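Asker: Below are the structure tokens for one structure; questions will follow.
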Amino acid sequence: MKNYPFLDLARSNAPLIDELKAAACEVIEGGRYLHGKHTALLEQELADLCQVKYCVAVSNGLDALRLIIRAYREMGMLQADDKVIVPANTYVASVLAVSDNGLVPTLCEPREDTMNLDANCIESLLSPSVRAIMPVHLYGTPCCDEKLLQLARHYNLLVIEDNAQAIGAVSSVPGLNGTKVTGGLGHVGALSFYPTKNLGALGDAGAVVTNDERLATTVRAIANYGSDRRYHNIFLGLNCRIDELQAAMLRVKLRHLAQETERRNAVARAYSQHIAHPQVSTPAWIEGTTQVWHQYVIRVKGDGARDRFRELLQQQGVGTDIHYATPPHLQPCYRQFKSYKLPITTAMANEVVSLPIAHPITPDDAQEIAHIINGINL
Ligand SMILES: *Cc1c(COP(=O)(O)O)cnc(C)c1O
């Protein structure tokens with residue numbers, strides 16, 4: 001029986017192994033392990049990719065988000081107890097970044113079709129204490145629509161993009177800066193290079209991208225003990241630097257990112273063309289956008305059907321995963337949100353299944369998996 005693992009990072013990275021080894025050796029032999037040339041070049045390359053002026057490479061995606069909010073606090077643009085609208089169906093890290101800084105997450109339901117923030121829901125949640133929106137381009141689908149941007153402009157809200165899952169995605173509408181590339185749509189964006197992300201490091205890494213020079217400078221200082229120059233600390237800072245080794249790994253992988261996005265699109269297209277099961281719905285393709293398919297997420301309807309579905313697929317060699325089984329408001333750390341009525345988010349959490357999409361899965365594999373799915377009797 002053929003096996004289709006959900007994820008196998010060693011195999012995903014295998015095609016680049018010689019380039020990665022050469023870059024790692026260069027760093028090891030060069031003796032500069034922080035603040036080196038690869039970090040500076042990676043920042044330039046990421047800024048270009050997101051079509052913004054500044055990039056600060058940091059330790060991971062959650063730190064990127066935490067640093068952004070902390071920097072806005074230092075700049076007097078956000079304060080303790082300010083509210084930030086966050087999608088209720090995101091990975092918990094988006095919400096943690098808000099809480100960590102003494103701000104209050106305001107959970108917003110997604111749209112059924114895009115599984116991304118619903119601008120009408122955002123509008124219904126607005127109040128004078130709401131100071132920012134955090135769009136999350138979930139699963140690699142750009143999330144900022146015209147209405148979200150209008151609300152941000154009209155109510156003077158900061159737009160902090162959690163672009164952990166959508167590096168290189170292109171929105172159908174230009175963002176606040178005129179670019180359509182995710183990460184560059186709002187006032188600032190956070191990137192994650194967690195190993196499973198579309199651009200994955202061989203360990204932890206992340207980045208902050210923005211056109212706001214003061215914000216970039218503030219983030220850079222906070223991430224380096226709060227110092228603006230050596231042994232001079234203007235903030236009660238942190239250590240959130242990126243390793244030079246990871247920067248070098250990421251620069252190798254960045255050279256192949258466009259090809260990786262194309263491959264993911266081809267696999268996603270094969271799934272969407274061939275899956276036809278009465279209890280399964282496939283994800284939306286949003287016209288005018290480039291989706292980067294961090295995950296290909298289907299929904300399986302029916303009481304308890306999702307678990308049976310996964311079990312039957314596993315029996316036929318198809319690995320799957322769930323992103324995410326427990327939404328933030330039902331996590332023990334967010335007891336205060338437990339009673340919130342978030343029916344769309346809760347239903348999604350019970351129905352979503354992520355299909356294999358990372359290399360080495362091919363479009364032919366996706367077609368075979370689709371046929372296995374179509375033959376499943378729930
Ligand atoms: C991965 C992820 C993060 C956190 O990034 P790390 O690098 O793992 O800290 C934040 N938000 C979303 C939506 C993510 O998928």
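As shown in the structure tokens, the chain order sets the letters A, B, ...; within each chain, residues go from 1, and ligands are also counted from 1 in the order they appear.
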Contacts of Leu107 of chain A at 12 Å or less, counting only C-alpha atoms, minus same-chain residues fewer than 4 places along, as a count of residues only?
Answerer: 36
Asker: Env of Leu215 of chain A: 12 Å cut, atoms = only C-alpha atoms, seq-sep filter 5 positions within chain, self excluded. Answer as a compact mmCIF listing (two decimals) with C-alpha atoms, in the first residue's frame.
Answerer:
# COMPACT_ATOMS: atom_id res chain seq x y z
CA LYS A 53 11.01 49.24 3.44
CA TYR A 54 12.04 47.57 6.70
CA CYS A 55 12.44 44.08 8.07
CA VAL A 56 13.73 42.95 11.45
CA LEU A 67 7.54 42.70 19.74
CA ILE A 68 5.19 44.59 17.42
CA ILE A 69 2.62 45.15 20.17
CA ARG A 70 5.28 45.93 22.75
CA ALA A 71 6.85 48.46 20.36
CA TYR A 72 3.49 50.15 19.80
CA ARG A 73 3.15 50.37 23.58
CA GLU A 74 6.59 51.98 23.91
CA MET A 75 5.62 54.39 21.12
CA GLY A 76 2.42 55.34 22.99
CA MET A 77 0.20 54.02 20.20
CA ILE A 160 -1.16 44.13 12.51
CA HIS A 187 0.85 48.88 9.18
CA VAL A 188 3.08 45.95 10.09
CA GLY A 189 3.30 42.21 9.54
CA VAL A 208 8.71 41.83 11.44
CA VAL A 209 8.05 43.71 8.19
CA THR A 210 6.84 47.32 7.97
CA ARG A 220 15.00 46.09 16.66
CA ALA A 221 16.01 47.76 19.92
CA ILE A 222 13.54 45.82 22.10
Asker: Running DSSP on the backbone, which parts of segment 209-370 of chain A land in alpha helix (DSSP H), as a PyMOL selection string?
Answerer: chain A and resi 213-222+244-254+257-274+305-315+343-351+363-370
Asker: Once you count only C-alpha atoms and all ligand atoms, which residues end up within 10 Å of ligand 1, and could you hand them over as JSON, numbers by chain?
Answerer: {"A": [58, 59, 60, 61, 62, 63, 64, 65, 66, 87, 89, 90, 91, 92, 93, 94, 95, 96, 97, 135, 136, 137, 138, 139, 140, 161, 162, 163, 164, 165, 166, 190, 191, 192, 193, 194, 195, 196, 197, 200, 201, 203, 204, 205, 206, 207, 294, 323]}
Asker: Need to verify the contact set: Lys37 of chain A, 10 Å, only C-alpha atoms, exclusion of same-chain residues closer than 6 positions in sequence. Can you return it as a PyMOL selection string?
Answerer: chain A and resi 27+43+244+247-248
Asker: Could you take the residues named above and write them with N, CA, C and O atoms, as a compact mmCIF listing (two decimals), in the first residue's frame?
Answerer:
# COMPACT_ATOMS: atom_id res chain seq x y z
N VAL A 27 28.70 29.45 7.60
CA VAL A 27 28.46 30.17 8.86
C VAL A 27 29.35 29.62 9.98
O VAL A 27 29.98 30.38 10.71
N GLU A 43 17.04 40.04 5.87
CA GLU A 43 16.12 41.15 6.13
C GLU A 43 15.82 41.92 4.85
O GLU A 43 14.66 42.25 4.57
N GLU A 244 22.26 33.43 13.15
CA GLU A 244 22.86 33.58 11.81
C GLU A 244 22.70 32.29 10.99
O GLU A 244 22.45 32.32 9.79
N ALA A 247 19.29 32.22 9.61
CA ALA A 247 19.18 33.21 8.53
C ALA A 247 19.77 32.63 7.25
O ALA A 247 19.21 32.78 6.16
N ALA A 248 20.91 31.93 7.38
CA ALA A 248 21.55 31.32 6.20
C ALA A 248 20.67 30.22 5.61
O ALA A 248 20.51 30.12 4.39
Asker: Check the DSSP output for the backbone and give back, as number ranges by chain, the residues of segment 9-195 of chain A in strand (DSSP E or B).
Answerer: A: 54-58, 83-87, 104-108, 110, 117, 130-133, 136, 158-162, 170, 181, 188-192
Asker: Would you kindly return, as a PyMOL selection string, each protein, DNA or RNA residue with an atom no farther than 9 Å from any atom of Leu254 of chain A, considering only C-alpha atoms and excluding same-chain residues fewer than 6 positions away?
Answerer: chain A and resi 42+45-46+199
Asker: Ranking A:Ile167, A:Leu245, A:Leu238, A:Met1 by minimum distance to Leu34 of chain A and counting only C-alpha atoms, which one comes first?
Answerer: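 So, comparing all the options, the nearest one is A:Leu245.
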Asker: Between A:Gln51, A:Gln316, A:Thr362, A:Asn120, which one has atoms that come closest to Gly178 of chain A, using only C-alpha atoms?
Answerer: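 Using only C-alpha atoms, the shortest distance to Gly178 of chain A belongs to A:Gln51.
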Asker: Smallest atom-to-atom distance to Gly168 of chain A: which of A:Ala47, A:Leu148, A:Ala276, A:Val219, using only C-alpha atoms?
Answerer: A:Ala47
Asker: Find the spatial neighbours of Thr282 of chain A, counting only C-alpha atoms, within a cut-off of 12 Å - ignore same-chain residues fewer than 4 positions away - and output them as a PyMOL selection string.
Answerer: chain A and resi 112-115+268-278+295-301+351-355+370+373
